[in-house]
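Note sheet for the following structure.
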Amino acid sequence: MPDRITRMLLHVEGEVPRVRERVRRLMGEHGLEEATRDYDAILVVGTDGELLKLLQTLGVPGAPIFHVSPPGYSTFYSSVEWEGLNGALERLSRGEYRAEQLTRLKVCVGSSDVYALNELALFPSRSATVMEYSLTVNGELLWNDKADGIIVATPAGSTAYAYSAGGPMVLKGTRVFVVVPVNSLNPMRRSLVIPDEARLEIRDISSQVGVEAVLDGVTRVRVSDRVTVEKGDPVFLIRFTEKVGENIERKVKLTLESQDIPPSAKFVLKMLQIYGEATPRELVEKTGLPDRTIRYALSILVRKGIVKRIANPRNIQQRVYRVAKP
């Protein structure tokens, strides 16, 4: 891992020109160079889904990843949110960061190896259909089961799909995998925590319809008879804090933030929280969002009582928006 980062590969979800231009400008201000080869880190501006898709493409990244939430979003894996990009790049240029190692699954389906940062989900290709399978760990048969499916998750993925299916939350850095049978017909089947050095095999797979392996919700692979799972090459994410329960804190934060307002409105709200108050024109300049999007976001925030509209004392024909006091 490099002591200092000077060259970065830049990946922007959707290739939004304004976002890419702002990132390039801020990188230049802090002496960071954009590069397509021999780079020290990979800067990804995008949602968690975009990060997971990119990792599927890269396979084994040769550099740590600096993940930035896109404007208006909070993400689980992000090193920093969009509003904190400038300060984070400054710290990055001074070497004030650490690289957090995240365990991944290496899943073998047929003759192909695929990596997953969150989980492997094995389900029939048609919902409401039961599948049969056997689970072995290090060659030892643990159980035969009939269920809707089975999930194998990393500590990072334990707070995602596996948790929704009844699995436990696992602190990051814990050297385990979580196995979660989904709606088993056997009431004794419960979540299983195993060492991440173990080798799992899900075999004797059968169903009335085809069975698919879904990796991180991104890649789908048709399964014939068996799937093997073991620890794969890790991914390194750039971090500026160090908390053992950070993955659980992030999950709770995202859950609380998932209100029924669009990402653009969340982004506008954050800008108003930072700058105190602003006109629609100023918000267009600060966010890079279109004027119509800004006005729509403001209308939602005003209607919900989160933001209030007041007259501009410097121009009575103009309106200023600020966060409403609770």
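Naming scheme: A, B, ... for chains in displayed order of the structure tokens; residues 1 onward per chain; ligands 1 onward as shown.
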Determine, counting only C-alpha atoms, which protein, DNA and RNA residues have an atom within 8 Å of an atom of Ala160 in chain A; residues of the same chain fewer than 4 positions away are not included. Present the result as number ranges by chain. A: 118, 156, 164
At a cut-off of 8 Å, using only C-alpha atoms, what residues contact range 289-301 of chain A? Leave out same-chain residues fewer than 4 positions from it and give the result as a PDB file with N, CA and C atoms, in the first residue's frame.
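Output below, filename out-v7.pdb:
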```
ATOM      1  N   ILE A 261     -38.061  10.851   0.407  1.00  0.00           N
ATOM      2  CA  ILE A 261     -37.689  12.019  -0.385  1.00  0.00           C
ATOM      3  C   ILE A 261     -36.589  11.589  -1.351  1.00  0.00           C
ATOM      4  N   PRO A 262     -36.583  12.125  -2.572  1.00  0.00           N
ATOM      5  CA  PRO A 262     -35.610  11.699  -3.580  1.00  0.00           C
ATOM      6  C   PRO A 262     -34.193  12.139  -3.227  1.00  0.00           C
ATOM      7  N   SER A 264     -32.106  13.917  -4.861  1.00  0.00           N
ATOM      8  CA  SER A 264     -31.836  15.326  -5.160  1.00  0.00           C
ATOM      9  C   SER A 264     -32.269  16.223  -4.007  1.00  0.00           C
ATOM     10  N   ALA A 265     -33.393  15.891  -3.364  1.00  0.00           N
ATOM     11  CA  ALA A 265     -33.867  16.688  -2.235  1.00  0.00           C
ATOM     12  C   ALA A 265     -32.935  16.538  -1.032  1.00  0.00           C
ATOM     13  N   VAL A 268     -29.912  18.751  -1.758  1.00  0.00           N
ATOM     14  CA  VAL A 268     -30.226  20.169  -1.549  1.00  0.00           C
ATOM     15  C   VAL A 268     -30.293  20.471  -0.057  1.00  0.00           C
ATOM     16  N   LEU A 269     -30.888  19.566   0.720  1.00  0.00           N
ATOM     17  CA  LEU A 269     -30.972  19.767   2.162  1.00  0.00           C
ATOM     18  C   LEU A 269     -29.581  19.843   2.781  1.00  0.00           C
ATOM     19  N   PRO A 280     -32.434  29.633  -5.147  1.00  0.00           N
ATOM     20  CA  PRO A 280     -32.388  28.541  -6.122  1.00  0.00           C
ATOM     21  C   PRO A 280     -31.208  28.667  -7.085  1.00  0.00           C
ATOM     22  N   ARG A 281     -30.907  29.897  -7.529  1.00  0.00           N
ATOM     23  CA  ARG A 281     -29.781  30.079  -8.443  1.00  0.00           C
ATOM     24  C   ARG A 281     -28.460  29.676  -7.780  1.00  0.00           C
ATOM     25  N   LEU A 283     -28.100  27.509  -5.395  1.00  0.00           N
ATOM     26  CA  LEU A 283     -28.098  26.055  -5.236  1.00  0.00           C
ATOM     27  C   LEU A 283     -27.733  25.356  -6.538  1.00  0.00           C
ATOM     28  N   VAL A 284     -28.161  25.924  -7.664  1.00  0.00           N
ATOM     29  CA  VAL A 284     -27.774  25.379  -8.972  1.00  0.00           C
ATOM     30  C   VAL A 284     -26.255  25.432  -9.113  1.00  0.00           C
ATOM     31  N   GLU A 285     -25.652  26.557  -8.715  1.00  0.00           N
ATOM     32  CA  GLU A 285     -24.206  26.721  -8.833  1.00  0.00           C
ATOM     33  C   GLU A 285     -23.444  25.795  -7.892  1.00  0.00           C
ATOM     34  N   GLY A 305     -42.101  20.558   5.477  1.00  0.00           N
ATOM     35  CA  GLY A 305     -41.737  21.373   6.622  1.00  0.00           C
ATOM     36  C   GLY A 305     -40.291  21.269   7.032  1.00  0.00           C
ATOM     37  N   ILE A 306     -39.439  20.644   6.176  1.00  0.00           N
ATOM     38  CA  ILE A 306     -38.019  20.493   6.490  1.00  0.00           C
ATOM     39  C   ILE A 306     -37.262  21.781   6.185  1.00  0.00           C
ATOM     40  N   VAL A 307     -37.700  22.489   5.154  1.00  0.00           N
ATOM     41  CA  VAL A 307     -37.087  23.747   4.722  1.00  0.00           C
ATOM     42  C   VAL A 307     -38.176  24.810   4.645  1.00  0.00           C
ATOM     43  N   LYS A 308     -37.806  26.044   4.943  1.00  0.00           N
ATOM     44  CA  LYS A 308     -38.787  27.129   4.814  1.00  0.00           C
ATOM     45  C   LYS A 308     -38.297  28.163   3.816  1.00  0.00           C
TER      46      LYS A 308
END
```
From the list A:Ser79, A:Leu58, A:Gly72, A:Arg37, which residue is nearest Leu237 in chain A when using only C-alpha atoms?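 For Leu237 in chain A, the nearest of the candidates is A:Ser79.
Residue-level DSSP output for range 40-108 of chain A, from the backbone, shows helix (DSSP H, G or I) at Asp48, Gly49, Glu50, Leu51, Leu52, Lys53, Leu54, Leu55, Gln56, Thr57, Leu58, Trp82, Glu83, Gly84, Leu85, Asn86, Gly87, Ala88, Leu89, Glu90, Arg91, Leu92 and Ser93 of chain A.
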Which polymer residues have any atom within 10 Å of an atom of range 136-142 of chain A, counting only C-alpha atoms, with same-chain residues fewer than 4 positions away left out, as a list in words?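 Surrounding residues, per the criterion: Ile194, Pro195, Glu197, Ala198, Arg199, Leu200, Glu201, Ile202, Arg203, Thr228 and Val229 of chain A.
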Between A:Tyr321, A:Glu33, A:Pro70, A:Lys146, which one has atoms that come closest to Glu15 in chain A, using only C-alpha atoms?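 Using only C-alpha atoms, the shortest distance to Glu15 in chain A belongs to A:Pro70.
Reported to one decimal place, the separation of CA of Glu282 in chain A from CA of Val320 in chain A is 9.6 Å.
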Among A:Arg322, A:His67, A:Arg4, A:Arg94, Glu81 in chain A is approached most closely, using only C-alpha atoms, by A:His67
Between CA of Leu10 in chain A and CA of Leu102 in chain A lies a distance of 21.0 Å
